[in-house]
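Student: Got a structure for you, model36.cif, holding mmCIF, C-alpha atoms.
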```cif
data_protein
#
loop_
_atom_site.group_PDB
_atom_site.id
_atom_site.type_symbol
_atom_site.label_atom_id
_atom_site.label_comp_id
_atom_site.auth_asym_id
_atom_site.auth_seq_id
_atom_site.Cartn_x
_atom_site.Cartn_y
_atom_site.Cartn_z
ATOM 1 C CA MET A 14 -266.326 3.972 63.933
ATOM 2 C CA LYS A 15 -262.803 2.749 64.449
ATOM 3 C CA THR A 16 -262.184 5.329 67.171
ATOM 4 C CA ASN A 17 -265.218 4.113 69.060
ATOM 5 C CA GLU A 18 -263.924 0.563 68.856
ATOM 6 C CA ASP A 19 -260.493 1.624 70.143
ATOM 7 C CA ASP A 20 -262.088 3.515 73.009
ATOM 8 C CA ARG A 21 -264.150 0.488 73.932
ATOM 9 C CA ILE A 22 -261.083 -1.797 73.917
ATOM 10 C CA GLN A 23 -259.183 0.752 75.982
ATOM 11 C CA HIS A 24 -262.028 0.912 78.474
ATOM 12 C CA LEU A 25 -262.252 -2.879 78.710
ATOM 13 C CA LEU A 26 -258.509 -3.176 79.218
ATOM 14 C CA LYS A 27 -258.552 -0.628 82.004
ATOM 15 C CA GLN A 28 -261.351 -2.535 83.665
ATOM 16 C CA ALA A 29 -259.570 -5.886 83.308
ATOM 17 C CA LEU A 30 -256.133 -4.783 84.562
ATOM 18 C CA PRO A 31 -255.820 -3.574 88.133
ATOM 19 C CA PRO A 32 -254.257 -0.134 88.548
ATOM 20 C CA VAL A 33 -250.576 -0.115 89.503
ATOM 21 C CA ASP A 34 -250.080 1.280 92.939
ATOM 22 C CA ALA A 35 -247.076 3.567 93.034
ATOM 23 C CA ALA A 36 -246.424 2.705 96.654
ATOM 24 C CA THR A 37 -246.236 -1.029 95.987
ATOM 25 C CA GLY A 38 -242.785 -2.508 96.626
ATOM 26 C CA PRO A 39 -240.723 -4.532 99.074
ATOM 27 C CA GLU A 40 -240.869 -3.464 102.668
ATOM 28 C CA ARG A 41 -237.078 -3.622 103.025
ATOM 29 C CA ASP A 42 -234.009 -3.387 100.800
ATOM 30 C CA LEU A 43 -233.460 -6.823 99.224
ATOM 31 C CA TRP A 44 -230.086 -6.086 97.626
ATOM 32 C CA PRO A 45 -227.878 -6.887 100.698
ATOM 33 C CA ALA A 46 -229.693 -10.199 101.137
ATOM 34 C CA LEU A 47 -229.075 -11.038 97.484
ATOM 35 C CA LEU A 48 -225.387 -10.206 97.840
ATOM 36 C CA ARG A 49 -225.133 -12.407 100.953
ATOM 37 C CA ARG A 50 -226.777 -15.261 99.094
ATOM 38 C CA LEU A 51 -224.429 -14.903 96.120
ATOM 39 C CA ASP A 52 -221.400 -14.864 98.438
ATOM 40 C CA SER A 53 -222.540 -17.951 100.303
ATOM 41 C CA GLN A 54 -222.899 -20.039 97.128
ATOM 42 C CA PRO A 55 -219.786 -21.631 95.631
ATOM 43 C CA ALA A 56 -218.865 -20.850 92.045
ATOM 44 C CA PRO A 57 -220.855 -23.103 89.678
ATOM 45 C CA HIS A 58 -217.781 -24.863 88.268
ATOM 46 C CA ALA A 59 -215.462 -24.731 91.267
ATOM 47 C CA GLY A 60 -215.060 -28.507 91.255
ATOM 48 C CA TRP A 61 -213.923 -28.451 87.658
ATOM 49 C CA VAL A 62 -211.078 -26.080 88.504
ATOM 50 C CA TRP A 63 -209.560 -28.739 90.744
ATOM 51 C CA PHE A 64 -210.087 -31.365 88.061
ATOM 52 C CA ASP A 65 -208.436 -29.175 85.442
ATOM 53 C CA GLY A 66 -205.554 -28.396 87.784
ATOM 54 C CA ALA A 67 -205.046 -32.106 88.388
ATOM 55 C CA LEU A 68 -205.102 -32.725 84.632
ATOM 56 C CA LEU A 69 -202.498 -30.037 84.075
ATOM 57 C CA ALA A 70 -200.294 -31.433 86.842
ATOM 58 C CA GLY A 71 -200.631 -34.901 85.334
ATOM 59 C CA LEU A 72 -199.631 -33.570 81.921
ATOM 60 C CA VAL A 73 -196.556 -31.842 83.311
ATOM 61 C CA ALA A 74 -195.568 -34.980 85.208
ATOM 62 C CA PHE A 75 -196.076 -37.092 82.076
ATOM 63 C CA ALA A 76 -193.905 -34.757 79.997
ATOM 64 C CA ALA A 77 -191.226 -34.789 82.694
ATOM 65 C CA LEU A 78 -191.238 -38.589 82.896
ATOM 66 C CA PHE A 79 -191.344 -39.108 79.121
ATOM 67 C CA PRO A 80 -189.672 -36.123 77.461
ATOM 68 C CA ALA A 81 -189.710 -37.927 74.116
ATOM 69 C CA SER A 82 -193.437 -37.270 74.032
ATOM 70 C CA ILE A 83 -192.986 -33.464 73.977
ATOM 71 C CA PRO A 84 -192.086 -33.109 70.261
ATOM 72 C CA VAL A 85 -194.885 -35.544 69.428
ATOM 73 C CA PHE A 86 -197.361 -33.330 71.307
ATOM 74 C CA LEU A 87 -196.001 -30.261 69.557
ATOM 75 C CA PHE A 88 -196.409 -32.084 66.242
ATOM 76 C CA TYR A 89 -200.141 -32.332 66.952
ATOM 77 C CA LEU A 90 -200.625 -28.759 68.181
ATOM 78 C CA MET B 12 -219.972 -7.182 66.381
ATOM 79 C CA LYS B 13 -222.404 -9.496 64.683
ATOM 80 C CA THR B 14 -220.754 -9.866 61.284
ATOM 81 C CA HIS B 15 -218.301 -12.487 60.059
ATOM 82 C CA VAL B 16 -219.000 -14.806 62.964
ATOM 83 C CA TRP B 17 -217.634 -17.849 61.103
ATOM 84 C CA LEU B 18 -214.431 -16.014 60.259
ATOM 85 C CA ARG B 19 -213.996 -15.083 63.910
ATOM 86 C CA ALA B 20 -214.599 -18.684 64.969
ATOM 87 C CA TYR B 21 -211.982 -19.863 62.474
ATOM 88 C CA LEU B 22 -209.444 -17.289 63.669
ATOM 89 C CA ALA B 23 -210.040 -18.190 67.321
ATOM 90 C CA GLY B 24 -209.513 -21.832 66.411
ATOM 91 C CA ILE B 25 -206.205 -21.404 64.600
ATOM 92 C CA PHE B 26 -204.723 -19.217 67.342
ATOM 93 C CA VAL B 27 -203.045 -21.976 69.362
ATOM 94 C CA PRO B 28 -201.432 -23.925 66.481
ATOM 95 C CA THR B 29 -200.223 -20.655 64.979
ATOM 96 C CA LEU B 30 -198.459 -19.865 68.251
ATOM 97 C CA VAL B 31 -197.038 -23.364 68.683
ATOM 98 C CA LEU B 32 -195.672 -23.681 65.136
ATOM 99 C CA PRO B 33 -192.719 -21.247 65.616
ATOM 100 C CA LEU B 34 -191.856 -23.084 68.843
ATOM 101 C CA LEU B 35 -191.841 -26.383 66.983
ATOM 102 C CA LEU B 36 -189.769 -24.880 64.189
ATOM 103 C CA THR B 37 -187.267 -23.495 66.687
ATOM 104 C CA LEU B 38 -187.033 -26.837 68.457
ATOM 105 C CA PHE B 39 -186.417 -28.690 65.205
ATOM 106 C CA ILE B 40 -183.810 -26.179 64.045
ATOM 107 C CA VAL B 41 -181.954 -26.402 67.350
ATOM 108 C CA VAL B 42 -182.063 -30.190 67.287
ATOM 109 C CA ARG B 43 -180.942 -30.409 63.684
ATOM 110 C CA LEU B 44 -178.434 -27.576 63.318
ATOM 111 C CA VAL B 45 -177.056 -27.293 66.840
ATOM 112 C CA LEU B 46 -177.296 -30.828 68.161
ATOM 113 C CA ARG B 47 -176.686 -32.322 64.679
ATOM 114 C CA VAL B 48 -179.544 -34.818 64.965
ATOM 115 C CA PRO B 49 -180.758 -35.737 61.446
ATOM 116 C CA VAL B 50 -184.399 -34.719 61.973
ATOM 117 C CA PRO B 51 -186.386 -34.588 58.697
ATOM 118 C CA ILE B 52 -187.557 -31.064 59.397
ATOM 119 C CA GLU B 53 -189.132 -30.392 55.989
ATOM 120 C CA GLN B 54 -191.382 -33.427 56.168
ATOM 121 C CA ALA B 55 -192.089 -33.021 59.868
ATOM 122 C CA LEU B 56 -193.434 -29.498 59.432
ATOM 123 C CA ILE B 57 -195.986 -30.299 56.751
ATOM 124 C CA PHE B 58 -198.639 -31.649 59.113
ATOM 125 C CA PRO B 59 -198.404 -29.057 61.919
ATOM 126 C CA MET B 60 -198.128 -26.230 59.392
ATOM 127 C CA ALA B 61 -200.792 -27.185 56.862
ATOM 128 C CA VAL B 62 -203.261 -29.516 58.551
ATOM 129 C CA VAL B 63 -203.411 -28.773 62.274
ATOM 130 C CA PRO B 64 -204.283 -25.031 62.145
ATOM 131 C CA THR B 65 -206.911 -25.627 59.477
ATOM 132 C CA LEU B 66 -208.507 -28.440 61.453
ATOM 133 C CA PHE B 67 -208.489 -26.344 64.633
ATOM 134 C CA GLY B 68 -210.263 -23.512 62.814
ATOM 135 C CA LEU B 69 -212.787 -25.811 61.188
ATOM 136 C CA TRP B 70 -213.354 -27.613 64.502
ATOM 137 C CA ASN B 71 -214.192 -24.317 66.189
ATOM 138 C CA MET B 72 -216.560 -23.451 63.343
ATOM 139 C CA LEU B 73 -218.169 -26.857 63.842
ATOM 140 C CA TYR B 74 -218.541 -26.073 67.540
ATOM 141 C CA LEU B 75 -220.203 -22.782 66.694
ATOM 142 C CA GLY B 76 -222.580 -24.515 64.302
ATOM 143 C CA THR B 77 -223.515 -27.443 66.524
ATOM 144 C CA HIS B 78 -223.421 -25.999 70.036
ATOM 145 C CA GLU B 79 -227.087 -25.022 70.094
ATOM 146 C CA ARG B 80 -228.100 -28.606 69.384
ATOM 147 C CA THR B 81 -225.450 -30.600 71.246
ATOM 148 C CA HIS B 82 -224.778 -28.267 74.235
ATOM 149 C CA LEU B 83 -221.376 -29.947 74.453
ATOM 150 C CA PRO B 84 -218.874 -27.984 76.578
ATOM 151 C CA ILE B 85 -216.073 -26.549 74.481
ATOM 152 C CA GLY B 86 -213.442 -28.516 76.422
ATOM 153 C CA LEU B 87 -215.080 -31.819 75.587
ATOM 154 C CA HIS B 88 -215.614 -30.719 71.987
ATOM 155 C CA GLY B 89 -211.896 -29.987 71.728
ATOM 156 C CA ALA B 90 -210.980 -33.256 73.414
ATOM 157 C CA LEU B 91 -212.717 -35.093 70.571
ATOM 158 C CA LEU B 92 -210.360 -33.575 67.987
ATOM 159 C CA PRO B 93 -207.437 -35.978 68.662
ATOM 160 C CA LEU B 94 -209.721 -38.827 67.643
ATOM 161 C CA LEU B 95 -209.604 -37.295 64.176
ATOM 162 C CA LEU B 96 -206.136 -35.764 64.245
ATOM 163 C CA ALA B 97 -204.184 -38.727 65.635
ATOM 164 C CA PRO B 98 -204.837 -41.191 62.784
ATOM 165 C CA ILE B 99 -204.494 -38.475 60.140
ATOM 166 C CA GLY B 100 -201.223 -37.268 61.656
ATOM 167 C CA ALA B 101 -199.841 -40.771 62.033
ATOM 168 C CA THR B 102 -200.740 -41.622 58.438
ATOM 169 C CA VAL B 103 -199.209 -38.422 57.045
ATOM 170 C CA ALA B 104 -196.114 -38.820 59.230
ATOM 171 C CA HIS B 105 -195.655 -42.435 58.166
ATOM 172 C CA CYS B 106 -196.070 -41.581 54.486
ATOM 173 C CA LEU B 107 -193.495 -38.785 54.787
ATOM 174 C CA GLY B 108 -190.993 -40.934 56.678
ATOM 175 C CA VAL B 109 -191.373 -39.004 59.924
ATOM 176 C CA LEU B 110 -192.874 -41.955 61.776
ATOM 177 C CA GLN B 111 -191.480 -45.468 61.585
ATOM 178 C CA PHE B 112 -193.021 -48.548 63.129
ATOM 179 C CA GLY B 113 -190.610 -50.964 64.772
ATOM 180 C CA SER B 114 -190.900 -54.187 66.681
ATOM 181 C CA ASP B 115 -190.871 -52.542 70.132
ATOM 182 C CA GLY B 116 -192.334 -49.154 69.374
ATOM 183 C CA VAL B 117 -192.520 -46.236 66.991
ATOM 184 C CA THR B 118 -189.792 -43.770 66.133
ATOM 185 C CA TRP B 119 -190.778 -40.164 65.587
ATOM 186 C CA PHE B 120 -188.564 -37.771 63.614
ATOM 187 C CA ARG B 121 -185.936 -40.537 63.355
ATOM 188 C CA ALA B 122 -184.900 -39.578 66.888
ATOM 189 C CA CYS B 123 -187.704 -40.064 69.452
ATOM 190 C CA ASP B 124 -188.440 -43.673 70.350
ATOM 191 C CA VAL B 125 -191.868 -44.249 71.891
ATOM 192 C CA PRO B 126 -192.595 -47.825 73.051
ATOM 193 C CA TYR B 127 -195.965 -49.294 72.113
ATOM 194 C CA VAL B 128 -196.987 -49.463 75.787
ATOM 195 C CA LEU B 129 -196.692 -45.685 75.969
ATOM 196 C CA ILE B 130 -198.930 -44.936 73.006
ATOM 197 C CA ALA B 131 -202.169 -45.303 74.967
ATOM 198 C CA PRO B 132 -200.969 -43.050 77.842
ATOM 199 C CA CYS B 133 -199.715 -40.562 75.235
ATOM 200 C CA PHE B 134 -203.144 -40.536 73.618
ATOM 201 C CA VAL B 135 -204.879 -39.987 76.970
ATOM 202 C CA ALA B 136 -202.437 -37.169 77.716
ATOM 203 C CA ALA B 137 -203.228 -35.673 74.310
ATOM 204 C CA LEU B 138 -206.948 -35.776 75.113
ATOM 205 C CA ALA B 139 -206.261 -33.988 78.404
ATOM 206 C CA ALA B 140 -204.055 -31.403 76.728
ATOM 207 C CA TYR B 141 -206.652 -30.693 74.055
ATOM 208 C CA TYR B 142 -209.389 -30.466 76.683
ATOM 209 C CA LEU B 143 -207.450 -27.836 78.608
ATOM 210 C CA VAL B 144 -206.379 -25.884 75.528
ATOM 211 C CA TRP B 145 -209.898 -25.741 74.151
ATOM 212 C CA LYS B 146 -211.542 -24.962 77.444
ATOM 213 C CA TYR B 147 -209.212 -22.203 78.546
ATOM 214 C CA VAL B 148 -207.660 -20.766 75.386
ATOM 215 C CA VAL B 149 -210.133 -21.277 72.567
ATOM 216 C CA GLY B 150 -213.088 -20.741 74.909
ATOM 217 C CA PHE B 151 -211.549 -17.508 76.162
ATOM 218 C CA LEU B 152 -210.897 -16.317 72.604
ATOM 219 C CA ASN B 153 -214.436 -17.160 71.568
ATOM 220 C CA LYS B 154 -215.758 -14.967 74.355
ATOM 221 C CA GLU B 155 -213.307 -12.187 73.609
ATOM 222 C CA LEU B 156 -214.195 -12.214 69.925
ATOM 223 C CA GLY B 157 -217.868 -11.970 70.779
ATOM 224 C CA ILE B 158 -218.896 -15.255 69.285
ATOM 225 C CA GLY B 159 -221.350 -15.500 72.125
ATOM 226 C CA LEU B 160 -221.059 -19.087 73.264
#
```
Could I get this structure in the form of structure tokens?

Tutor:
Amino acid sequence: MKTNEDDRIQHLLKQALPPVDAATGPERDLWPALLRRLDSQPAPHAGWVWFDGALLAGLVAFAALFPASIPVFLFYL
Amino acid sequence: MKTHVWLRAYLAGIFVPTLVLPLLLTLFIVVRLVLRVPVPIEQALIFPMAVVPTLFGLWNMLYLGTHERTHLPIGLHGALLPLLLAPIGATVAHCLGVLQFGSDGVTWFRACDVPYVLIAPCFVAALAAYYLVWKYVVGFLNKELGIGL
């Protein structure tokens, strides 16, 4: 009884889903195009690198101008 | 590596203060023993040795626990820590005699005079320093330790 039910479900599923064609696929190789697209896009956080570099430069300048702040910073690290 | 994730977060958090502490100790020893400046080294080391590493570790654990809800970048999360650390450190330092308030400014370690007008820029610089440390060092360690953030 249960086997008949399974067979019926299997048959219905095969009817509902189209068969996968083995020859289906892109007409050309898409990988080089993907690589070109990745190369053309800037890194997602490239702007932040400049911001962080500016912050670091500002910190170094601050420490150079006010060396008394260095031990205070070390106290908090 | 899916076990002990909180322990790994704690260890990644305490990495930076644990590295800085010997530098601070060396600086204080040089200033006190070589340059003969009467720095209260015993009192000055209590906060960076006992409080700062623990808070860094706990702060990273807090980041691990809240990141899914807040989606706060780790740099900004770290930059919030001075808001907690600065008053605690100043209070501890003042109670231990490391920080004295004067009419023109504060005196750290009985040697470093910082005018009041410089306190706000110092605090902003501390926020920037914490942002960079957390973004690049703690964030890197979190990834390396497989915390998966």

Student: Residues of chain B within 10 Å of chain A, counting all atoms listed in the file, what are they? List them as a ChimeraX atom specification.

Tutor: /B:25,27-32,34-36,38-39,55-60,62-64,67,93,96-97,100-101,104,118-120,122-125,129-130,132-137,139-144,146-147

Student: Could you take the residues named above and write them with C-alpha atoms, as a JSON list (two decimals), in the coordinates of the input?

Tutor:
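Output contents, as saved in selection.json:
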```json
[["chain", "number", "residue", "atom", "x", "y", "z"],
["B", 25, "ILE", "CA", -206.20, -21.40, 64.60],
["B", 27, "VAL", "CA", -203.04, -21.98, 69.36],
["B", 28, "PRO", "CA", -201.43, -23.92, 66.48],
["B", 29, "THR", "CA", -200.22, -20.66, 64.98],
["B", 30, "LEU", "CA", -198.46, -19.86, 68.25],
["B", 31, "VAL", "CA", -197.04, -23.36, 68.68],
["B", 32, "LEU", "CA", -195.67, -23.68, 65.14],
["B", 34, "LEU", "CA", -191.86, -23.08, 68.84],
["B", 35, "LEU", "CA", -191.84, -26.38, 66.98],
["B", 36, "LEU", "CA", -189.77, -24.88, 64.19],
["B", 38, "LEU", "CA", -187.03, -26.84, 68.46],
["B", 39, "PHE", "CA", -186.42, -28.69, 65.20],
["B", 55, "ALA", "CA", -192.09, -33.02, 59.87],
["B", 56, "LEU", "CA", -193.43, -29.50, 59.43],
["B", 57, "ILE", "CA", -195.99, -30.30, 56.75],
["B", 58, "PHE", "CA", -198.64, -31.65, 59.11],
["B", 59, "PRO", "CA", -198.40, -29.06, 61.92],
["B", 60, "MET", "CA", -198.13, -26.23, 59.39],
["B", 62, "VAL", "CA", -203.26, -29.52, 58.55],
["B", 63, "VAL", "CA", -203.41, -28.77, 62.27],
["B", 64, "PRO", "CA", -204.28, -25.03, 62.14],
["B", 67, "PHE", "CA", -208.49, -26.34, 64.63],
["B", 93, "PRO", "CA", -207.44, -35.98, 68.66],
["B", 96, "LEU", "CA", -206.14, -35.76, 64.24],
["B", 97, "ALA", "CA", -204.18, -38.73, 65.64],
["B", 100, "GLY", "CA", -201.22, -37.27, 61.66],
["B", 101, "ALA", "CA", -199.84, -40.77, 62.03],
["B", 104, "ALA", "CA", -196.11, -38.82, 59.23],
["B", 118, "THR", "CA", -189.79, -43.77, 66.13],
["B", 119, "TRP", "CA", -190.78, -40.16, 65.59],
["B", 120, "PHE", "CA", -188.56, -37.77, 63.61],
["B", 122, "ALA", "CA", -184.90, -39.58, 66.89],
["B", 123, "CYS", "CA", -187.70, -40.06, 69.45],
["B", 124, "ASP", "CA", -188.44, -43.67, 70.35],
["B", 125, "VAL", "CA", -191.87, -44.25, 71.89],
["B", 129, "LEU", "CA", -196.69, -45.68, 75.97],
["B", 130, "ILE", "CA", -198.93, -44.94, 73.01],
["B", 132, "PRO", "CA", -200.97, -43.05, 77.84],
["B", 133, "CYS", "CA", -199.72, -40.56, 75.24],
["B", 134, "PHE", "CA", -203.14, -40.54, 73.62],
["B", 135, "VAL", "CA", -204.88, -39.99, 76.97],
["B", 136, "ALA", "CA", -202.44, -37.17, 77.72],
["B", 137, "ALA", "CA", -203.23, -35.67, 74.31],
["B", 139, "ALA", "CA", -206.26, -33.99, 78.40],
["B", 140, "ALA", "CA", -204.06, -31.40, 76.73],
["B", 141, "TYR", "CA", -206.65, -30.69, 74.06],
["B", 142, "TYR", "CA", -209.39, -30.47, 76.68],
["B", 143, "LEU", "CA", -207.45, -27.84, 78.61],
["B", 144, "VAL", "CA", -206.38, -25.88, 75.53],
["B", 146, "LYS", "CA", -211.54, -24.96, 77.44],
["B", 147, "TYR", "CA", -209.21, -22.20, 78.55]]
```

Student: Atom CA of Leu152 of chain B and atom CA of Ala23 of chain B are how many Å apart?

Tutor: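 Between atom CA of Leu152 of chain B and atom CA of Ala23 of chain B the gap is 5.7 Å.
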
Student: Report, in Å with one decimal, the straight-line distance from atom CA of Gly116 of chain B to atom CA of Pro51 of chain B.

Tutor: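 Separation of atom CA of Gly116 of chain B and atom CA of Pro51 of chain B: 19.0 Å.
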
Student: State, in Å with one decimal place, the distance from atom CA of Asp115 of chain B to atom CA of Val103 of chain B.

Tutor: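 Between these atoms lies a distance of 21.0 Å.
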
Student: Written as a ChimeraX atom specification, what is the full residue list that the PyMOL selection byres ((chain B and resi 158) around 12) yields on the file shown?

Tutor: /B:12-24,71-72,74-76,78,149-157,159-160

Student: Exactly which residues make up the result of the PyMOL selection byres ((chain B and resi 87) around 9) on this file, given as a ChimeraX atom specification?

Tutor: /B:83-86,88-91,141-142,145-146

Student: Need the axis-aligned box for segment 61-68 of chain A with 6 Å each side, so what are the centre and edges in Å to one decimal, as AutoDock Vina command-line options?

Tutor:
```
--center_x -209.5 --center_y -29.4 --center_z 87.7 --size_x 20.9 --size_y 18.6 --size_z 18.1
```
